[in-house]
>>> print(open('data-v3.pdb').read())   # PDB, C-alpha atoms, pLDDT in the B column
ATOM      1  CA  MET L1351     -44.394   7.041 -20.211  1.00 53.00           C
ATOM      2  CA  GLY L1352     -41.095   8.770 -20.803  1.00 42.00           C
ATOM      3  CA  GLU L1353     -37.395   8.240 -21.250  1.00 42.00           C
ATOM      4  CA  ASN L1354     -35.783  11.280 -19.780  1.00 38.00           C
ATOM      5  CA  THR L1355     -32.515  10.225 -18.186  1.00 33.00           C
ATOM      6  CA  GLN L1356     -29.266   8.753 -19.356  1.00 28.00           C
ATOM      7  CA  GLY L1357     -28.292   5.169 -18.622  1.00 28.00           C
ATOM      8  CA  THR L1358     -30.556   2.150 -18.450  1.00 29.00           C
ATOM      9  CA  THR L1359     -33.652   4.301 -18.058  1.00 31.00           C
ATOM     10  CA  GLY L1360     -32.784   6.967 -20.593  1.00 33.00           C
ATOM     11  CA  SER L1361     -32.654   7.537 -24.320  1.00 34.00           C
ATOM     12  CA  GLY L1362     -33.860  11.039 -24.953  1.00 35.00           C
ATOM     13  CA  ALA L1363     -33.454  13.263 -27.959  1.00 33.00           C
ATOM     14  CA  GLY L1364     -30.386  15.368 -27.303  1.00 30.00           C
ATOM     15  CA  GLY L1365     -28.243  17.317 -24.874  1.00 29.00           C
ATOM     16  CA  SER L1366     -27.599  15.241 -21.773  1.00 29.00           C
ATOM     17  CA  ARG L1367     -29.908  12.560 -23.135  1.00 31.00           C
ATOM     18  CA  ARG L1368     -28.734   9.880 -25.501  1.00 27.00           C
ATOM     19  CA  ALA L1369     -29.249  11.046 -29.048  1.00 28.00           C
ATOM     20  CA  GLY L1370     -30.043   9.351 -32.321  1.00 32.00           C
ATOM     21  CA  GLY L1371     -30.669   5.668 -32.795  1.00 33.00           C
ATOM     22  CA  GLY L1372     -28.949   2.399 -32.076  1.00 32.00           C
ATOM     23  CA  ARG L1373     -26.477   1.512 -29.390  1.00 33.00           C
ATOM     24  CA  ARG L1374     -23.271   3.341 -28.637  1.00 32.00           C
ATOM     25  CA  ALA L1375     -20.171   2.272 -30.526  1.00 35.00           C
ATOM     26  CA  PRO L1376     -17.714   0.362 -28.324  1.00 36.00           C
ATOM     27  CA  ALA L1377     -14.703   2.364 -27.205  1.00 38.00           C
ATOM     28  CA  ASP L1378     -11.647   0.420 -28.308  1.00 35.00           C
ATOM     29  CA  GLY L1379      -9.046   3.144 -28.579  1.00 35.00           C
ATOM     30  CA  THR L1380      -9.106   3.152 -32.378  1.00 34.00           C
ATOM     31  CA  LYS L1381      -8.278   6.552 -33.815  1.00 32.00           C
ATOM     32  CA  VAL L1382      -9.861   7.482 -37.090  1.00 30.00           C
ATOM     33  CA  ARG L1383      -8.496  10.533 -38.919  1.00 29.00           C
ATOM     34  CA  ARG L1384     -11.315  10.852 -41.365  1.00 28.00           C
ATOM     35  CA  ARG L1385     -15.068  10.311 -41.190  1.00 26.00           C
ATOM     36  CA  ALA L1386     -15.745   7.195 -43.195  1.00 29.00           C
ATOM     37  CA  MET L1387     -17.836   4.096 -43.270  1.00 31.00           C
ATOM     38  CA  LEU L1388     -16.335   0.863 -44.507  1.00 29.00           C
ATOM     39  CA  ILE L1389     -19.062  -1.627 -45.279  1.00 31.00           C
ATOM     40  CA  GLY L1390     -18.719  -5.266 -46.236  1.00 37.00           C
ATOM     41  CA  GLY L1391     -16.304  -6.680 -43.685  1.00 38.00           C
ATOM     42  CA  ALA L1392     -16.834  -7.994 -40.198  1.00 36.00           C
ATOM     43  CA  ALA L1393     -16.783  -4.445 -38.828  1.00 41.00           C
ATOM     44  CA  ALA L1394     -17.382  -0.898 -39.934  1.00 41.00           C
ATOM     45  CA  VAL L1395     -15.717   2.380 -39.049  1.00 43.00           C
ATOM     46  CA  LEU L1396     -18.058   5.277 -38.299  1.00 45.00           C
ATOM     47  CA  GLY L1397     -17.034   8.704 -37.037  1.00 47.00           C
ATOM     48  CA  GLY L1398     -14.226   7.585 -34.761  1.00 48.00           C
ATOM     49  CA  GLY L1399     -15.410   4.190 -33.528  1.00 52.00           C
ATOM     50  CA  VAL L1400     -15.415   0.616 -34.707  1.00 49.00           C
ATOM     51  CA  LEU L1401     -18.845  -0.985 -35.060  1.00 48.00           C
ATOM     52  CA  ALA L1402     -19.690  -4.636 -35.368  1.00 54.00           C
ATOM     53  CA  ARG L1403     -21.880  -5.523 -38.344  1.00 52.00           C
ATOM     54  CA  GLU L1404     -24.875  -6.082 -36.029  1.00 52.00           C
ATOM     55  CA  GLU L1405     -24.495  -2.583 -34.599  1.00 55.00           C
ATOM     56  CA  LEU L1406     -24.267  -1.122 -38.081  1.00 53.00           C
ATOM     57  CA  GLY L1407     -27.781  -2.339 -38.796  1.00 56.00           C
ATOM     58  CA  HIS L1408     -29.103   0.007 -36.097  1.00 58.00           C
ATOM     59  CA  LEU L1409     -27.343   3.040 -37.601  1.00 58.00           C
ATOM     60  CA  TRP L1410     -28.657   2.995 -41.144  1.00 53.00           C
ATOM     61  CA  TYR L1411     -30.007   6.527 -40.827  1.00 55.00           C
ATOM     62  CA  ARG L1412     -26.500   7.951 -40.250  1.00 54.00           C
ATOM     63  CA  VAL L1413     -25.186   6.751 -43.598  1.00 55.00           C
ATOM     64  CA  PRO L1414     -24.986   9.787 -45.929  1.00 52.00           C
ATOM     65  CA  GLY L1415     -27.686   9.702 -48.562  1.00 52.00           C
ATOM     66  CA  VAL L1416     -29.635   6.887 -46.929  1.00 56.00           C
ATOM     67  CA  ALA L1417     -33.226   7.596 -45.960  1.00 60.00           C
ATOM     68  CA  LYS L1418     -35.924   5.016 -45.495  1.00 67.00           C
ATOM     69  CA  PRO L1419     -39.090   5.980 -47.393  1.00 74.00           C
ATOM     70  CA  ARG L1420     -41.729   7.608 -45.196  1.00 76.00           C
ATOM     71  CA  LYS L1421     -45.223   8.699 -46.083  1.00 82.00           C
ATOM     72  CA  GLU L1422     -46.688  11.525 -44.017  1.00 77.00           C
ATOM     73  CA  GLY L1423     -49.697  10.383 -42.027  1.00 84.00           C
ATOM     74  CA  GLU L1424     -49.368   6.703 -42.952  1.00 93.00           C
ATOM     75  CA  LEU L1425     -51.074   4.437 -40.415  1.00 97.00           C
ATOM     76  CA  ASP L1426     -49.981   1.082 -39.050  1.00 97.00           C
ATOM     77  CA  TYR L1427     -53.403   0.435 -37.499  1.00 98.00           C
ATOM     78  CA  ALA L1428     -56.313   0.999 -39.840  1.00 95.00           C
ATOM     79  CA  GLY L1429     -58.730   1.972 -37.071  1.00 88.00           C
ATOM     80  CA  SER L1430     -56.703   4.963 -35.929  1.00 97.00           C
ATOM     81  CA  GLU L1431     -56.339   8.676 -36.722  1.00 97.00           C
ATOM     82  CA  TRP L1432     -52.912  10.143 -37.403  1.00 97.00           C
ATOM     83  CA  VAL L1433     -51.844  12.872 -34.944  1.00 98.00           C
ATOM     84  CA  ALA L1434     -48.093  13.378 -35.139  1.00 97.00           C
ATOM     85  CA  ALA L1435     -46.027  13.488 -31.957  1.00 98.00           C
ATOM     86  CA  SER L1436     -43.079  15.860 -31.779  1.00 98.00           C
ATOM     87  CA  SER L1437     -39.997  14.390 -33.413  1.00 96.00           C
ATOM     88  CA  ALA L1438     -38.148  15.188 -30.165  1.00 98.00           C
ATOM     89  CA  ASN L1439     -40.155  12.472 -28.403  1.00 98.00           C
ATOM     90  CA  TRP L1440     -39.100   9.512 -30.568  1.00 97.00           C
ATOM     91  CA  ARG L1441     -36.257   8.413 -32.827  1.00 95.00           C
ATOM     92  CA  ARG L1442     -36.050   6.884 -36.270  1.00 93.00           C
ATOM     93  CA  ALA L1443     -35.610   3.158 -36.604  1.00 94.00           C
ATOM     94  CA  ASP L1444     -36.508   0.360 -38.991  1.00 93.00           C
ATOM     95  CA  ARG L1445     -38.268  -2.063 -36.702  1.00 94.00           C
ATOM     96  CA  PRO L1446     -38.615  -5.011 -36.709  1.00 94.00           C
ATOM     97  CA  ASP L1447     -35.566  -5.291 -38.998  1.00 91.00           C
ATOM     98  CA  ASP L1448     -33.191  -3.541 -36.607  1.00 92.00           C
ATOM     99  CA  TYR L1449     -34.998  -4.194 -33.302  1.00 95.00           C
ATOM    100  CA  THR L1450     -37.349  -7.089 -32.642  1.00 97.00           C
ATOM    101  CA  ILE L1451     -40.793  -6.027 -31.398  1.00 98.00           C
ATOM    102  CA  ASP L1452     -41.948  -8.451 -28.701  1.00 98.00           C
ATOM    103  CA  ARG L1453     -43.796  -6.341 -26.127  1.00 98.00           C
ATOM    104  CA  VAL L1454     -46.848  -4.116 -25.818  1.00 98.00           C
ATOM    105  CA  VAL L1455     -46.712  -1.654 -22.916  1.00 98.00           C
ATOM    106  CA  ILE L1456     -49.976  -0.336 -21.449  1.00 98.00           C
ATOM    107  CA  HIS L1457     -50.010   3.203 -20.034  1.00 98.00           C
ATOM    108  CA  VAL L1458     -52.543   5.503 -18.347  1.00 98.00           C
ATOM    109  CA  VAL L1459     -51.979   9.199 -18.887  1.00 97.00           C
ATOM    110  CA  GLN L1460     -53.376  10.533 -15.575  1.00 97.00           C
ATOM    111  CA  GLY L1461     -55.477  12.957 -17.549  1.00 97.00           C
ATOM    112  CA  SER L1462     -57.622  13.392 -20.624  1.00 98.00           C
ATOM    113  CA  TYR L1463     -57.108  12.304 -24.208  1.00 98.00           C
ATOM    114  CA  GLN L1464     -56.500  15.938 -25.197  1.00 98.00           C
ATOM    115  CA  VAL L1465     -53.854  16.282 -22.488  1.00 97.00           C
ATOM    116  CA  ALA L1466     -52.040  13.231 -23.854  1.00 98.00           C
ATOM    117  CA  LEU L1467     -52.064  14.636 -27.389  1.00 98.00           C
ATOM    118  CA  LYS L1468     -50.858  18.015 -26.159  1.00 98.00           C
ATOM    119  CA  VAL L1469     -47.874  16.748 -24.175  1.00 98.00           C
ATOM    120  CA  PHE L1470     -46.831  14.233 -26.835  1.00 98.00           C
ATOM    121  CA  ARG L1471     -46.762  17.053 -29.402  1.00 98.00           C
ATOM    122  CA  ASP L1472     -44.623  19.184 -27.068  1.00 98.00           C
ATOM    123  CA  PRO L1473     -40.901  18.858 -27.950  1.00 98.00           C
ATOM    124  CA  GLY L1474     -39.961  19.712 -24.388  1.00 97.00           C
ATOM    125  CA  HIS L1475     -41.887  16.810 -22.899  1.00 97.00           C
ATOM    126  CA  GLY L1476     -39.345  14.148 -23.856  1.00 96.00           C
ATOM    127  CA  ALA L1477     -41.836  11.295 -24.088  1.00 98.00           C
ATOM    128  CA  ALA L1478     -44.656   9.931 -26.238  1.00 98.00           C
ATOM    129  CA  SER L1479     -46.432   6.654 -26.963  1.00 98.00           C
ATOM    130  CA  HIS L1480     -47.194   5.180 -30.364  1.00 98.00           C
ATOM    131  CA  TYR L1481     -50.955   5.236 -29.693  1.00 98.00           C
ATOM    132  CA  VAL L1482     -53.469   7.038 -27.467  1.00 98.00           C
ATOM    133  CA  VAL L1483     -56.913   5.533 -26.762  1.00 98.00           C
ATOM    134  CA  ARG L1484     -59.820   7.799 -25.791  1.00 98.00           C
ATOM    135  CA  LYS L1485     -62.552   6.743 -23.351  1.00 98.00           C
ATOM    136  CA  ASP L1486     -65.024   6.314 -26.228  1.00 98.00           C
ATOM    137  CA  GLY L1487     -62.578   3.952 -27.963  1.00 98.00           C
ATOM    138  CA  HIS L1488     -61.198   6.379 -30.552  1.00 98.00           C
ATOM    139  CA  VAL L1489     -57.508   5.704 -31.305  1.00 98.00           C
ATOM    140  CA  ALA L1490     -54.836   8.205 -32.331  1.00 98.00           C
ATOM    141  CA  GLN L1491     -51.546   6.989 -33.776  1.00 98.00           C
ATOM    142  CA  MET L1492     -48.786   9.483 -32.999  1.00 98.00           C
ATOM    143  CA  ILE L1493     -45.599   7.576 -33.915  1.00 98.00           C
ATOM    144  CA  ARG L1494     -44.959   4.928 -36.552  1.00 97.00           C
ATOM    145  CA  GLU L1495     -44.466   1.445 -35.158  1.00 97.00           C
ATOM    146  CA  LEU L1496     -41.169   1.111 -37.017  1.00 95.00           C
ATOM    147  CA  ASP L1497     -39.793   3.978 -34.924  1.00 96.00           C
ATOM    148  CA  VAL L1498     -38.726   3.968 -31.269  1.00 97.00           C
ATOM    149  CA  ALA L1499     -41.044   5.972 -29.006  1.00 98.00           C
ATOM    150  CA  TYR L1500     -39.786   7.315 -25.688  1.00 98.00           C
ATOM    151  CA  HIS L1501     -42.545   5.855 -23.551  1.00 98.00           C
ATOM    152  CA  ALA L1502     -41.220   3.181 -21.192  1.00 97.00           C
ATOM    153  CA  GLY L1503     -38.400   4.952 -19.333  1.00 96.00           C
ATOM    154  CA  ASN L1504     -36.067   2.113 -20.320  1.00 97.00           C
ATOM    155  CA  ARG L1505     -34.057   2.187 -23.547  1.00 97.00           C
ATOM    156  CA  GLU L1506     -34.158  -1.565 -24.193  1.00 98.00           C
ATOM    157  CA  TYR L1507     -37.911  -1.745 -23.638  1.00 98.00           C
ATOM    158  CA  ASN L1508     -38.506   1.276 -25.847  1.00 98.00           C
ATOM    159  CA  GLU L1509     -36.630  -0.449 -28.635  1.00 98.00           C
ATOM    160  CA  ARG L1510     -38.539  -3.718 -28.304  1.00 98.00           C
ATOM    161  CA  SER L1511     -42.060  -2.488 -27.548  1.00 98.00           C
ATOM    162  CA  ILE L1512     -45.074  -0.555 -28.768  1.00 98.00           C
ATOM    163  CA  GLY L1513     -46.644   1.821 -26.262  1.00 98.00           C
ATOM    164  CA  ILE L1514     -50.382   2.377 -25.891  1.00 98.00           C
ATOM    165  CA  GLU L1515     -51.536   5.316 -23.759  1.00 98.00           C
ATOM    166  CA  HIS L1516     -55.069   5.486 -22.317  1.00 98.00           C
ATOM    167  CA  GLU L1517     -57.164   8.396 -21.195  1.00 98.00           C
ATOM    168  CA  GLY L1518     -57.950   8.124 -17.497  1.00 98.00           C
ATOM    169  CA  TRP L1519     -56.664   8.033 -13.939  1.00 98.00           C
ATOM    170  CA  VAL L1520     -55.010   5.099 -12.191  1.00 97.00           C
ATOM    171  CA  ASP L1521     -57.137   5.465  -9.045  1.00 97.00           C
ATOM    172  CA  ASN L1522     -60.481   5.708 -10.872  1.00 97.00           C
ATOM    173  CA  ALA L1523     -61.757   2.421 -12.310  1.00 97.00           C
ATOM    174  CA  ALA L1524     -64.729   4.231 -13.851  1.00 97.00           C
ATOM    175  CA  SER L1525     -62.401   6.115 -16.205  1.00 96.00           C
ATOM    176  CA  PHE L1526     -61.593   2.820 -17.954  1.00 98.00           C
ATOM    177  CA  THR L1527     -64.724   2.369 -20.018  1.00 98.00           C
ATOM    178  CA  ASP L1528     -65.887  -0.772 -21.784  1.00 98.00           C
ATOM    179  CA  ALA L1529     -65.425   0.995 -25.123  1.00 98.00           C
ATOM    180  CA  MET L1530     -61.846   1.855 -24.203  1.00 98.00           C
ATOM    181  CA  TYR L1531     -60.994  -1.681 -23.070  1.00 98.00           C
ATOM    182  CA  ARG L1532     -62.456  -3.246 -26.203  1.00 98.00           C
ATOM    183  CA  SER L1533     -60.882  -0.757 -28.619  1.00 98.00           C
ATOM    184  CA  SER L1534     -57.469  -1.006 -26.983  1.00 98.00           C
ATOM    185  CA  ALA L1535     -57.745  -4.814 -26.953  1.00 98.00           C
ATOM    186  CA  ARG L1536     -58.432  -4.853 -30.702  1.00 98.00           C
ATOM    187  CA  LEU L1537     -55.368  -2.685 -31.253  1.00 98.00           C
ATOM    188  CA  THR L1538     -53.186  -4.900 -29.068  1.00 98.00           C
ATOM    189  CA  ALA L1539     -54.491  -8.053 -30.768  1.00 98.00           C
ATOM    190  CA  ASP L1540     -53.684  -6.554 -34.169  1.00 98.00           C
ATOM    191  CA  ILE L1541     -50.142  -5.688 -33.040  1.00 98.00           C
ATOM    192  CA  CYS L1542     -49.651  -9.185 -31.624  1.00 98.00           C
ATOM    193  CA  ARG L1543     -50.811 -10.775 -34.880  1.00 98.00           C
ATOM    194  CA  ARG L1544     -48.526  -8.680 -37.044  1.00 98.00           C
ATOM    195  CA  TYR L1545     -45.384  -9.254 -34.951  1.00 98.00           C
ATOM    196  CA  ALA L1546     -46.175 -12.784 -33.701  1.00 98.00           C
ATOM    197  CA  ILE L1547     -46.230 -11.612 -30.079  1.00 98.00           C
ATOM    198  CA  PRO L1548     -47.686 -14.164 -27.632  1.00 98.00           C
ATOM    199  CA  VAL L1549     -50.943 -13.000 -26.056  1.00 98.00           C
ATOM    200  CA  ASP L1550     -49.937 -13.336 -22.414  1.00 98.00           C
ATOM    201  CA  ARG L1551     -48.955 -11.171 -19.475  1.00 98.00           C
ATOM    202  CA  GLU L1552     -45.258 -11.686 -20.093  1.00 98.00           C
ATOM    203  CA  HIS L1553     -45.515  -9.873 -23.427  1.00 98.00           C
ATOM    204  CA  ILE L1554     -48.434  -7.508 -22.751  1.00 98.00           C
ATOM    205  CA  ILE L1555     -47.363  -5.547 -19.698  1.00 98.00           C
ATOM    206  CA  GLY L1556     -48.089  -2.403 -17.735  1.00 98.00           C
ATOM    207  CA  HIS L1557     -45.684   0.500 -17.494  1.00 98.00           C
ATOM    208  CA  VAL L1558     -45.222  -0.386 -13.832  1.00 98.00           C
ATOM    209  CA  GLU L1559     -43.666  -3.694 -14.925  1.00 98.00           C
ATOM    210  CA  VAL L1560     -40.888  -2.130 -16.998  1.00 98.00           C
ATOM    211  CA  PRO L1561     -37.539  -2.623 -15.225  1.00 97.00           C
ATOM    212  CA  GLY L1562     -36.286   0.527 -13.520  1.00 95.00           C
ATOM    213  CA  THR L1563     -39.466   2.552 -13.914  1.00 94.00           C
ATOM    214  CA  ASP L1564     -40.845   4.831 -11.205  1.00 93.00           C
ATOM    215  CA  HIS L1565     -44.336   4.798 -12.763  1.00 96.00           C
ATOM    216  CA  THR L1566     -47.316   2.898 -11.353  1.00 96.00           C
ATOM    217  CA  ASP L1567     -49.646   2.920 -14.368  1.00 98.00           C
ATOM    218  CA  PRO L1568     -51.960   1.452 -15.439  1.00 98.00           C
ATOM    219  CA  GLY L1569     -52.539   0.917 -11.710  1.00 97.00           C
ATOM    220  CA  THR L1570     -54.510  -1.540  -9.595  1.00 97.00           C
ATOM    221  CA  LYS L1571     -57.861  -0.366 -11.012  1.00 98.00           C
ATOM    222  CA  TRP L1572     -56.941  -1.582 -14.493  1.00 98.00           C
ATOM    223  CA  ASP L1573     -58.787  -4.872 -15.034  1.00 98.00           C
ATOM    224  CA  TRP L1574     -56.150  -7.120 -16.547  1.00 98.00           C
ATOM    225  CA  ASP L1575     -58.347 -10.234 -16.625  1.00 98.00           C
ATOM    226  CA  ARG L1576     -61.024  -8.393 -18.558  1.00 98.00           C
ATOM    227  CA  TYR L1577     -58.534  -6.748 -20.881  1.00 98.00           C
ATOM    228  CA  MET L1578     -56.667  -9.956 -21.713  1.00 98.00           C
ATOM    229  CA  LYS L1579     -59.961 -11.744 -22.412  1.00 98.00           C
ATOM    230  CA  PHE L1580     -60.858  -9.025 -24.895  1.00 98.00           C
ATOM    231  CA  VAL L1581     -57.429  -9.292 -26.536  1.00 98.00           C
ATOM    232  CA  ARG L1582     -57.799 -13.063 -26.919  1.00 98.00           C
ATOM    233  CA  ASP L1583     -61.345 -12.680 -28.238  1.00 97.00           C
ATOM    234  CA  ALA L1584     -60.153 -10.114 -30.779  1.00 95.00           C
TER     235      ALA L1584
END
>>> encode(input="data-v3.pdb", output="structure tokens")
Amino acid sequence: MGENTQGTTGSGAGGSRRAGGGRRAPADGTKVRRRAMLIGGAAAVLGGGVLAREELGHLWYRVPGVAKPRKEGELDYAGSEWVAASSANWRRADRPDDYTIDRVVIHVVQGSYQVALKVFRDPGHGAASHYVVRKDGHVAQMIRELDVAYHAGNREYNERSIGIEHEGWVDNAASFTDAMYRSSARLTADICRRYAIPVDREHIIGHVEVPGTDHTDPGTKWDWDRYMKFVRDA
């Protein structure tokens, strides 16, 4: 989990981290003397840069007076409980309209369910997943699926994926209970149905498989064959 550095593996909330949403505007030397947005042509001007129309779609939230409707505590997965992550650990988006969702990333927290909730609610942590699954199968949703969670350590993968964290330890197969596998598999199957994501190991991946990551989770003790069978069955 996480997205703490700048560049291909970073997209944090502020300071030295990349802020806000969308990609950076291309630097083309254009000087703009007033803050304005010109919408309707092939390009738009925003705060000193020229943006292609495609880029503009990722920056809806920066248009004055524009706010996508949000309902506090609204769930994307009916079987979950809402526990809000700190807003410093994710950024607003309008997925899948502005970013296509085509991956599910599986994480293991290296600790308990309560530890995961605690760190994801900490604004100084800089990372959080959309969901956390407890060993008894209980699921907490911490970030809306339409928003970009800082969980993969790779900006592109954060934008295109949904992250699922699991209670447990990578070197302890016993911490991955049958209830956890089955509950997580139902969640993943539901996500795949809603976004037309193929149920295969190219699109359902471990954190260790994200390009540029230094994480090893879910680890060699995670039973991928068992998990994928449960996802297909669900």
>>> resolve_selection(input="data-v3.pdb", expression="the PyMOL selection byres ((chain L and resi 1523) around 10)", output="ChimeraX atom specification")
/L:1518-1522,1524-1527,1569-1573
>>> axis_aligned_box(input="data-v3.pdb", around="region 1445-1463 of chain L", padding_each_side="4 Å", output="lines of an AutoDock Vina configuration file")
center_x = -45.4
center_y = 2.5
center_z = -27.3
size_x = 32.4
size_y = 29.8
size_z = 31.4
>>> resolve_selection(input="data-v3.pdb", expression="the PyMOL selection byres ((chain L and resi 1446) around 9)", output="PyMOL selection string")
chain L and resi 1443-1445+1447-1451+1495-1496+1510+1545
>>> closest_residue(input="data-v3.pdb", among="L:Cys1542, L:Met1530, L:Ile1456, L:Val1489", to="His1501 (chain L)", atoms="all atoms listed in the file")
L:Ile1456
>>> resolve_selection(input="data-v3.pdb", expression="the PyMOL selection byres ((chain L and resi 1440) around 6)", output="list of chain:residue names")
L:Ser1437, L:Ala1438, L:Asn1439, L:Arg1441, L:Val1498, L:Ala1499, L:Tyr1500
>>> write_last_selection(input="data-v3.pdb", atoms="C-alpha atoms", output="compact mmCIF listing (two decimals), in the coordinates of the input")
# COMPACT_ATOMS: atom_id res chain seq x y z
CA SER L 1437 -40.00 14.39 -33.41
CA ALA L 1438 -38.15 15.19 -30.16
CA ASN L 1439 -40.16 12.47 -28.40
CA ARG L 1441 -36.26 8.41 -32.83
CA VAL L 1498 -38.73 3.97 -31.27
CA ALA L 1499 -41.04 5.97 -29.01
CA TYR L 1500 -39.79 7.32 -25.69
>>> residues_around(input="data-v3.pdb", residues="Ser1430 (chain L)", least_positions_apart="3", cutoff="10 Å", atoms="only C-alpha atoms", output="PyMOL selection string")
chain L and resi 1425-1427+1433+1481-1483+1487-1492+1537
>>> atom_distance(input="data-v3.pdb", atom1="CA of Asp1583 (chain L)", atom2="CA of Ser1533 (chain L)")
11.9 Å
>>> residues_around(input="data-v3.pdb", residues="Arg1471 (chain L)", least_positions_apart="2", cutoff="7 Å", atoms="all atoms listed in the file", output="PyMOL selection string")
chain L and resi 1434-1436+1467-1469+1473
>>> write_last_selection(input="data-v3.pdb", atoms="C-alpha atoms", output="PDB file, keeping the file's coordinate frame")
ATOM      1  CA  ALA L1434     -48.093  13.378 -35.139  1.00 97.00           C
ATOM      2  CA  ALA L1435     -46.027  13.488 -31.957  1.00 98.00           C
ATOM      3  CA  SER L1436     -43.079  15.860 -31.779  1.00 98.00           C
ATOM      4  CA  LEU L1467     -52.064  14.636 -27.389  1.00 98.00           C
ATOM      5  CA  LYS L1468     -50.858  18.015 -26.159  1.00 98.00           C
ATOM      6  CA  VAL L1469     -47.874  16.748 -24.175  1.00 98.00           C
ATOM      7  CA  PRO L1473     -40.901  18.858 -27.950  1.00 98.00           C
TER       8      PRO L1473
END
